[in-house]
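A.B. asks: Please read through the structure below; I'll follow up with questions.
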Amino acid sequence: MKILVCVKRVLDPQVKARVKADESGVDLANAKMTMNPFCENALEEALRLREAGIGEEIIVASVGGGKTEETLRHGLAMGADRAIQVVTEETLEPLAIAKVLKQVAEQESVGLVLAGKQAIDDDSNQTAQMLSALLGWSQATYCSEIKIEGDKATVTREVDAGLETIEVKMPAVMSADLRLNEPRYVKLPDVMKAKRKPMDKIELDSLGLDTANRLTTLKVEEPEGRAAGVIVNSVSELVEKLRNEAKVI
Amino acid sequence: MANLVIVEHDNNEVAAATLHAVTAAQQIGGDIDLLVAGENCGAVAEEAAKIAGVSSVKVADDAKFGHHLAENLATLIVEVAAGYSHVLASATTFGKNVMPHAAALLDKAQISEIVEVKSADTFVRPIYAGNALATVQSSDSIKIITVRTIKFEAAAAEGGSANVEAISGGTDTGLSSWVSQAVSSNDQVDLTSAKIVISGGRGMQSGDNFSMLHSVADKLGAAVGASRAAVDSGFVPNEFQVGQTGKVIAPDLYIAVGISGAIQHLAGMKESKVIVAINNDSEAPIFQVADYGLVADLFEAVPELDAAL
């Protein structure tokens with residue numbers, strides 16, 4: 001079974017986003033970028049499926065401009081077999097990304113798509129679900145455990161109430177939660193090896209899809225900050241303040 | 001304008017989160033109808049009909065909707081959505097799972113986790129773990145929206161008298177089937193609606209040590225939460241997680257114990273009215289958002305707090 005892993009290049013999760021002065025967006029110039037953490041979980045799972053003999057070829061794909069290649073190279077260094085970059089300088093919305101990925105999944109005849117449950121920049125949490133809908137394949141979001149046997153998979157999902165287990169028919173689209181696995185570290189020889197792995201580039205325009213954005217961002221601003229608090233010196237002072245000043249207990 | 005709110009429920013009761021989505025619909029304006037899809041969910045429909053401001057409740061009572069699996073439920077939403085300008089659900093794992101699936105079938109964008117309604121087509125939503133707020137305008141004929149519950153008051157659960165209409169429709173796609181739900185062993189106060197929450201982080205060192213927090217929580221009528229680090233370390237199950245990718249909550253009082261205050265954790269609790277931080281590292285970022293900070297060893301401070309209450 002071929003596995004498609006969708007990955008996104010995002011601002012490093014350790015870096016605090018800064019809003020541009022003209023309120024047009026978040027300033028990413030010279031910012032440290034990385035593979036979205038949930039996408040790393042998705043890729044790690046694909047690698048483990050291959051190691052277990054369930055997955056064969058692993059393709060990492062991403063939609064984006066020039067530097068997207070770096071993120072895909074990281075995926076290749078982790079262990080993916082080849083990469084596909086759908087090239088555009090536009091910032092596409094999840095619906096458009098899902099349309100692009102549908103085409104890639106079908107062209108490559110994959111049997112499973114793995115994605116991160118959400119990208120930590122836009123926080124939309126949509127692409128995997130949309131891709132499942134467009135492909136007409138089973139959907140398993142927020143996975144913390146995946147067991148594939150033949151033409152079906154048993155998946156444990158992290159939901160608000162706890163853990164839900166569902167059984168899905170293959171092919172399927174699954175989105176990874178953090179507890180699915182611990183992504184491996186990339187070693188230097190793997191980075192060198194990744195440079196020689198195949199990287200296909202496809203121009204977005206050549207796909208002939210309607211990828212027009214439906215939303216216009218009018219403004220991006222910083223939220224109101226919290227006023228500085230006080231340091232209390234003892235538990236008794238804390239309890240006194242919560243009772244008499246804040247009046248919350 | 002006409003709004004359709006997808007009701008979240010367990011076939012017995014309306015989930016509290018739905019009441020917040022109804023309020024968002026009220027702010028958009030126009031009629032508000034509810035869609036209850038489930039199995040043997042008549043009681044839910046009756047309860048939903050009493051929610052203030054609701055015109056009608058459509059009930060699709062069918063085994064294929066019994067466990068709210070996204071593929072089946074989305075086909076129904078697509079059929080019903082045709083008559084509406086806005087389709088809303090709460091941004092819980094229920095809404096986040098099914099709404100994008102339905103949106104894609106309709107070839108519409110989804111506007112995720114709105115925190116403010118500016119007008120019928122313009123909404124504010126947090127991005128980058130809430131470190132930025134984006135105001136977005138939608139050009140779609142049907143706006144598919146999930147609602148961040150903490151930013152909208154709950155609509156009154158009583159006072160309405162909507163008519164209830166049974167509908168059929170939707171497809172049994174046969175793609176997924178429900179197997180089981182792990183019932184959480186904690187019988188604690190609901191984390192998302194608790195007035196007071198006490199959360200533990202990596203500093204708790206073990207799951208057993210969370211009993212200290214439960215003891216304080218019992219005295220305060222509080223819920224217990226956790227940071228991602230505590231969940232990843234296996235101290236507590238995933239449903240305890242507060243943060244960007246866990247639950248987003250805004251209690252009156254949030255007590256962070258042994259939590260350093262990573263951006264991702266702050267995203268889940270910084271809207272709390274009063275924040276208390278107890279941490280032995282005075283440089284921990286949690287102190288930058290705390291109203292009251294106590295630099296102390298939590299293994300001394302928490303028992304002392306417990307005794308003082």
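By convention here, the chains of the structure tokens are called A, B, ... in the order presented, each chain's residues are numbered starting at 1, and ligands are numbered starting at 1 in the order presented.
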DSSP says strand (DSSP E or B) for which residues of range 110-212 of chain A? Put them as a ChimeraX atom specification?

C.D. replies: /A:112-116,138-149,152-159,162-169,172-176,199-203

A.B. asks: For Ile51 in chain B, list every protein, DNA or RNA residue within 6 Å, evaluated using only C-alpha atoms, and leave out those in the same chain fewer than 3 positions away; present the list as a PyMOL selection string.

C.D. replies: chain B and resi 48+156-158+160

A.B. asks: What does the file look like for those residues with N, CA and C atoms, as an mmCIF file, in the first residue's frame?

C.D. replies:
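Listed below is the output, part_14.cif:
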data_model
loop_
_atom_site.group_PDB
_atom_site.id
_atom_site.type_symbol
_atom_site.label_atom_id
_atom_site.label_comp_id
_atom_site.auth_asym_id
_atom_site.auth_seq_id
_atom_site.Cartn_x
_atom_site.Cartn_y
_atom_site.Cartn_z
ATOM 1 N N ALA B 48 -34.189 20.484 22.867
ATOM 2 C CA ALA B 48 -33.714 21.514 21.931
ATOM 3 C C ALA B 48 -34.808 22.513 21.597
ATOM 4 N N ALA B 156 -30.348 30.724 26.591
ATOM 5 C CA ALA B 156 -31.191 30.161 27.647
ATOM 6 C C ALA B 156 -31.726 28.809 27.204
ATOM 7 N N ALA B 157 -31.566 27.814 28.069
ATOM 8 C CA ALA B 157 -31.996 26.453 27.722
ATOM 9 C C ALA B 157 -33.512 26.317 27.780
ATOM 10 N N GLU B 158 -34.170 27.280 28.429
ATOM 11 C CA GLU B 158 -35.629 27.239 28.580
ATOM 12 C C GLU B 158 -36.229 28.507 27.999
ATOM 13 N N GLY B 160 -38.109 28.736 25.049
ATOM 14 C CA GLY B 160 -38.523 28.627 23.654
ATOM 15 C C GLY B 160 -39.614 27.591 23.493
#

A.B. asks: Among range 46-287 of chain B, which ones does DSSP place in alpha helix (DSSP H), written as a ChimeraX atom specification?

C.D. replies: /B:46-49,70-81,93-105,210-220,228-232,263-269

A.B. asks: Filtering to N, CA and C atoms, could you give me those residues as a compact mmCIF listing (two decimals), in the first residue's frame?

C.D. replies:
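Below is the file that was written, part.txt:
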# COMPACT_ATOMS: atom_id res chain seq x y z
N GLU B 46 -36.86 17.32 22.07
CA GLU B 46 -37.77 18.04 22.97
C GLU B 46 -37.01 19.10 23.77
N GLU B 47 -35.83 18.71 24.23
CA GLU B 47 -35.01 19.66 25.00
C GLU B 47 -34.58 20.82 24.09
N ALA B 48 -34.19 20.48 22.87
CA ALA B 48 -33.71 21.51 21.93
C ALA B 48 -34.81 22.51 21.60
N ALA B 49 -36.06 22.03 21.55
CA ALA B 49 -37.18 22.90 21.19
C ALA B 49 -37.43 23.98 22.24
N ALA B 70 -18.82 11.06 11.03
CA ALA B 70 -18.76 12.25 10.17
C ALA B 70 -19.32 12.00 8.77
N GLU B 71 -18.96 10.85 8.18
CA GLU B 71 -19.32 10.64 6.76
C GLU B 71 -20.83 10.63 6.58
N ASN B 72 -21.56 9.93 7.48
CA ASN B 72 -23.01 9.86 7.35
C ASN B 72 -23.67 11.18 7.71
N LEU B 73 -23.25 11.74 8.83
CA LEU B 73 -23.88 12.97 9.31
C LEU B 73 -23.69 14.10 8.30
N ALA B 74 -22.52 14.16 7.67
CA ALA B 74 -22.25 15.23 6.71
C ALA B 74 -23.21 15.17 5.52
N THR B 75 -23.58 13.95 5.10
CA THR B 75 -24.50 13.87 3.95
C THR B 75 -25.86 14.49 4.30
N LEU B 76 -26.27 14.33 5.55
CA LEU B 76 -27.54 14.92 5.99
C LEU B 76 -27.41 16.44 6.07
N ILE B 77 -26.31 16.91 6.65
CA ILE B 77 -26.11 18.35 6.77
C ILE B 77 -26.14 19.00 5.39
N VAL B 78 -25.53 18.35 4.42
CA VAL B 78 -25.50 18.90 3.06
C VAL B 78 -26.92 19.05 2.50
N GLU B 79 -27.75 18.04 2.74
CA GLU B 79 -29.13 18.11 2.24
C GLU B 79 -29.91 19.23 2.92
N VAL B 80 -29.75 19.34 4.23
CA VAL B 80 -30.54 20.32 4.98
C VAL B 80 -30.00 21.74 4.78
N ALA B 81 -28.69 21.87 4.57
CA ALA B 81 -28.05 23.19 4.51
C ALA B 81 -28.54 24.04 3.35
N THR B 93 -14.76 18.56 19.62
CA THR B 93 -14.29 17.51 18.70
C THR B 93 -15.45 17.01 17.82
N PHE B 94 -16.68 17.15 18.29
CA PHE B 94 -17.84 16.79 17.45
C PHE B 94 -17.93 17.73 16.24
N GLY B 95 -17.98 19.02 16.50
CA GLY B 95 -18.13 19.98 15.41
C GLY B 95 -16.93 20.02 14.49
N LYS B 96 -15.74 19.94 15.09
CA LYS B 96 -14.51 20.02 14.30
C LYS B 96 -14.35 18.81 13.39
N ASN B 97 -14.96 17.69 13.79
CA ASN B 97 -14.86 16.46 13.01
C ASN B 97 -15.79 16.49 11.80
N VAL B 98 -17.02 16.90 12.01
CA VAL B 98 -18.01 16.75 10.94
C VAL B 98 -18.14 17.97 10.03
N MET B 99 -17.94 19.16 10.56
CA MET B 99 -18.26 20.37 9.77
C MET B 99 -17.37 20.55 8.54
N PRO B 100 -16.05 20.33 8.63
CA PRO B 100 -15.25 20.49 7.41
C PRO B 100 -15.62 19.45 6.35
N HIS B 101 -16.02 18.27 6.79
CA HIS B 101 -16.43 17.23 5.85
C HIS B 101 -17.66 17.70 5.07
N ALA B 102 -18.63 18.26 5.80
CA ALA B 102 -19.84 18.78 5.16
C ALA B 102 -19.50 19.98 4.27
N ALA B 103 -18.63 20.84 4.76
CA ALA B 103 -18.26 22.04 3.99
C ALA B 103 -17.66 21.66 2.64
N ALA B 104 -16.78 20.66 2.64
CA ALA B 104 -16.14 20.26 1.39
C ALA B 104 -17.16 19.66 0.42
N LEU B 105 -18.11 18.88 0.94
CA LEU B 105 -19.15 18.32 0.07
C LEU B 105 -19.98 19.44 -0.56
N PHE B 210 -1.34 13.86 41.22
CA PHE B 210 -2.54 14.63 40.87
C PHE B 210 -3.62 14.51 41.96
N SER B 211 -3.49 13.50 42.84
CA SER B 211 -4.48 13.39 43.92
C SER B 211 -4.48 14.64 44.79
N MET B 212 -3.32 15.31 44.88
CA MET B 212 -3.26 16.58 45.63
C MET B 212 -4.19 17.61 45.00
N LEU B 213 -4.19 17.65 43.65
CA LEU B 213 -5.03 18.63 42.95
C LEU B 213 -6.51 18.26 43.08
N HIS B 214 -6.79 16.95 43.01
CA HIS B 214 -8.18 16.51 43.14
C HIS B 214 -8.73 16.88 44.53
N SER B 215 -7.86 16.80 45.51
CA SER B 215 -8.30 17.14 46.87
C SER B 215 -8.68 18.61 46.97
N VAL B 216 -7.85 19.48 46.40
CA VAL B 216 -8.16 20.92 46.38
C VAL B 216 -9.42 21.15 45.55
N ALA B 217 -9.50 20.45 44.41
CA ALA B 217 -10.65 20.62 43.51
C ALA B 217 -11.95 20.26 44.21
N ASP B 218 -11.94 19.19 45.00
CA ASP B 218 -13.15 18.79 45.71
C ASP B 218 -13.63 19.89 46.63
N LYS B 219 -12.69 20.56 47.29
CA LYS B 219 -13.08 21.62 48.23
C LYS B 219 -13.64 22.84 47.52
N LEU B 220 -13.13 23.10 46.31
CA LEU B 220 -13.53 24.31 45.58
C LEU B 220 -14.66 24.04 44.58
N ARG B 228 -0.14 19.84 28.26
CA ARG B 228 0.20 18.76 27.33
C ARG B 228 1.33 17.91 27.89
N ALA B 229 2.30 18.55 28.55
CA ALA B 229 3.44 17.81 29.08
C ALA B 229 2.97 16.73 30.06
N ALA B 230 1.98 17.07 30.88
CA ALA B 230 1.48 16.11 31.86
C ALA B 230 0.73 14.96 31.18
N VAL B 231 0.02 15.29 30.09
CA VAL B 231 -0.71 14.25 29.36
C VAL B 231 0.28 13.36 28.60
N ASP B 232 1.24 13.99 27.93
CA ASP B 232 2.24 13.22 27.18
C ASP B 232 3.03 12.30 28.11
N ILE B 263 3.44 28.67 25.05
CA ILE B 263 2.44 29.36 24.22
C ILE B 263 1.21 28.48 24.03
N GLN B 264 1.47 27.19 23.78
CA GLN B 264 0.37 26.27 23.45
C GLN B 264 -0.56 26.06 24.65
N HIS B 265 -0.02 26.13 25.87
CA HIS B 265 -0.88 25.99 27.04
C HIS B 265 -1.66 27.28 27.28
N LEU B 266 -0.98 28.40 27.17
CA LEU B 266 -1.63 29.69 27.39
C LEU B 266 -2.84 29.86 26.47
N ALA B 267 -2.73 29.33 25.24
CA ALA B 267 -3.82 29.45 24.28
C ALA B 267 -5.11 28.84 24.81
N GLY B 268 -4.99 27.90 25.73
CA GLY B 268 -6.19 27.22 26.23
C GLY B 268 -6.77 27.82 27.48
N MET B 269 -6.07 28.77 28.14
CA MET B 269 -6.57 29.25 29.43
C MET B 269 -6.41 30.73 29.69

A.B. asks: From the options B:Ile127, B:Ala194, B:Val57, B:Ala155, which residue's atoms come nearest to chain A, counting only C-alpha atoms?

C.D. replies: B:Ile127

A.B. asks: Got a sec: who's within 12 Å of Glu300 in chain B, counting only C-alpha atoms, leaving out chain neighbours fewer than 6 positions off, as an MDAnalysis selection string?

C.D. replies: (chainID A and resid 234:235) or (chainID B and resid 204 212 257:258 278:280 294 306:307)

A.B. asks: Work out how far apart CA of Ser85 in chain B and CA of Asn213 in chain A are and give it in Å to one decimal.

C.D. replies: 18.5 Å

A.B. asks: So that I can see what lies close to range 216-227 of chain A, please list as number ranges by chain the residues with an atom at most 12 Å from it, counting only C-alpha atoms and leaving out residues fewer than 5 positions away in the same chain.

C.D. replies: A: 16-27, 91-93, 122; B: 109, 111, 115, 118, 121-140, 266-267, 269-275, 286-292

A.B. asks: Only C-alpha atoms, please: the residues just picked out, written as a short mmCIF file (atom, residue, chain, number, x, y, z; two decimals), in the first residue's frame.

C.D. replies:
data_model
loop_
_atom_site.label_atom_id
_atom_site.label_comp_id
_atom_site.auth_asym_id
_atom_site.auth_seq_id
_atom_site.Cartn_x
_atom_site.Cartn_y
_atom_site.Cartn_z
CA LYS A 16 5.83 33.63 19.35
CA ALA A 17 3.93 35.00 16.37
CA ARG A 18 4.33 38.75 15.82
CA VAL A 19 1.65 40.69 14.03
CA LYS A 20 2.83 43.07 11.29
CA ALA A 21 2.48 46.77 12.02
CA ASP A 22 0.12 47.25 9.07
CA GLU A 23 -2.15 44.48 10.44
CA SER A 24 -1.98 42.55 7.17
CA GLY A 25 -0.79 39.33 8.77
CA VAL A 26 1.87 37.68 10.90
CA ASP A 27 5.47 38.61 10.22
CA THR A 91 -1.65 31.07 0.39
CA LEU A 92 -4.43 28.59 -0.22
CA GLU A 93 -7.30 27.82 2.12
CA ASP A 122 -3.86 28.84 10.92
CA ALA B 109 -14.94 27.13 3.07
CA ILE B 111 -14.60 29.52 9.19
CA VAL B 115 -14.72 34.34 18.62
CA LYS B 118 -18.75 41.40 13.11
CA ASP B 121 -20.33 37.71 6.54
CA THR B 122 -17.43 38.92 8.69
CA PHE B 123 -16.01 37.09 11.68
CA VAL B 124 -13.01 37.17 13.99
CA ARG B 125 -11.03 33.99 14.62
CA PRO B 126 -7.83 33.31 16.53
CA ILE B 127 -4.75 32.05 14.68
CA TYR B 128 -1.26 31.13 15.89
CA ALA B 129 -2.49 29.72 19.21
CA GLY B 130 -4.43 32.91 19.84
CA ASN B 131 -1.39 35.16 19.46
CA ALA B 132 -3.18 36.89 16.59
CA LEU B 133 -6.81 37.57 15.74
CA ALA B 134 -7.83 37.49 12.10
CA THR B 135 -10.92 39.30 10.83
CA VAL B 136 -12.17 37.41 7.78
CA GLN B 137 -14.96 38.08 5.32
CA SER B 138 -16.63 35.19 3.55
CA SER B 139 -17.87 35.30 -0.05
CA ASP B 140 -19.56 31.89 0.15
CA LEU B 266 -1.63 29.69 27.39
CA ALA B 267 -3.82 29.45 24.28
CA MET B 269 -6.57 29.25 29.43
CA LYS B 270 -5.50 32.87 29.06
CA GLU B 271 -9.11 34.07 28.80
CA SER B 272 -9.72 32.91 32.39
CA LYS B 273 -10.88 35.75 34.64
CA VAL B 274 -8.32 35.18 37.37
CA ILE B 275 -5.15 33.17 36.89
CA ILE B 286 3.22 31.43 33.29
CA PHE B 287 3.93 34.29 35.72
CA GLN B 288 3.57 36.78 32.85
CA VAL B 289 -0.13 35.99 32.52
CA ALA B 290 -0.87 35.23 36.17
CA ASP B 291 -2.84 37.68 38.32
CA TYR B 292 -1.37 36.05 41.40
#

A.B. asks: Using only C-alpha atoms for the distances, tell me which of B:Ala91, B:Ala256, B:Ala21, B:Leu69 is nearest to Leu175 in chain B.

C.D. replies: B:Leu69

A.B. asks: Could you tell me which of A:Gly116, A:Gly55, A:Pro94, A:Gly111 comes closest to Asp177 in chain A if we count only C-alpha atoms?

C.D. replies: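 Looking at the shortest contact to Asp177 in chain A, the residue is A:Gly116.
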
A.B. asks: Of the candidates B:Asp297, B:Glu39, B:Asp62, B:Glu113, which one gets nearest to chain A if we count only C-alpha atoms?

C.D. replies: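 Between B:Asp297, B:Glu39, B:Asp62, B:Glu113, the residue approaching chain A most closely is B:Glu113.
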
A.B. asks: Measuring between only C-alpha atoms, which one of B:Gln188, B:Gln205, B:Gln110, B:Ser119 shows the shortest distance to chain A?

C.D. replies: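 Using only C-alpha atoms, chain A sits closest to B:Gln110.
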
A.B. asks: Any idea what the distance is between CA of Arg148 in chain B and CA of Arg9 in chain A?

C.D. replies: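 Pair CA of Arg148 in chain B / CA of Arg9 in chain A returns 25.4 Å.
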
A.B. asks: Mind checking which residues fall within 8 Å of range 158-171 of chain A, counting only C-alpha atoms, ignoring those fewer than 2 positions away in the same chain, and posting them as number ranges by chain?

C.D. replies: A: 111-112, 137-140, 142-144, 151-156, 173, 177; B: 92-94, 175-184, 237-239, 247

A.B. asks: Identify which of the residues B:Ile145, B:Ser161, B:Ala89, B:Val22 lies closest to Lys108 in chain B, counting only C-alpha atoms when measuring atom-to-atom distances.

C.D. replies: B:Ile145

A.B. asks: When you look at Glu8 in chain B with a cut-off of 7 Å (counting only C-alpha atoms), what residues show up, excluding the ones that are within fewer than 4 positions of it in the same chain? I need them as a PyMOL selection string.

C.D. replies: chain B and resi 14-15+18+94

A.B. asks: Just to be explicit: take each residue in the selection above, keep N, CA and C atoms, and write the result as a PDB file, in the first residue's frame.

C.D. replies:
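Contents of result-v8.pdb, freshly written:
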ATOM      1  N   VAL B  14     -28.906  17.528  25.211  1.00  0.00           N
ATOM      2  CA  VAL B  14     -28.200  18.515  24.389  1.00  0.00           C
ATOM      3  C   VAL B  14     -26.892  18.871  25.098  1.00  0.00           C
ATOM      4  N   ALA B  15     -25.785  18.864  24.367  1.00  0.00           N
ATOM      5  CA  ALA B  15     -24.508  19.262  24.964  1.00  0.00           C
ATOM      6  C   ALA B  15     -24.522  20.773  25.216  1.00  0.00           C
ATOM      7  N   THR B  18     -23.605  23.468  22.559  1.00  0.00           N
ATOM      8  CA  THR B  18     -24.546  23.876  21.506  1.00  0.00           C
ATOM      9  C   THR B  18     -25.217  25.207  21.842  1.00  0.00           C
ATOM     10  N   PHE B  94     -16.682  17.146  18.291  1.00  0.00           N
ATOM     11  CA  PHE B  94     -17.838  16.791  17.452  1.00  0.00           C
ATOM     12  C   PHE B  94     -17.931  17.725  16.240  1.00  0.00           C
TER      13      PHE B  94
END

A.B. asks: Could you state the separation of CA of Ala24 in chain B and CA of Val147 in chain B in Å, given to one decimal place?

C.D. replies: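 These atoms are spaced 7.2 Å apart.
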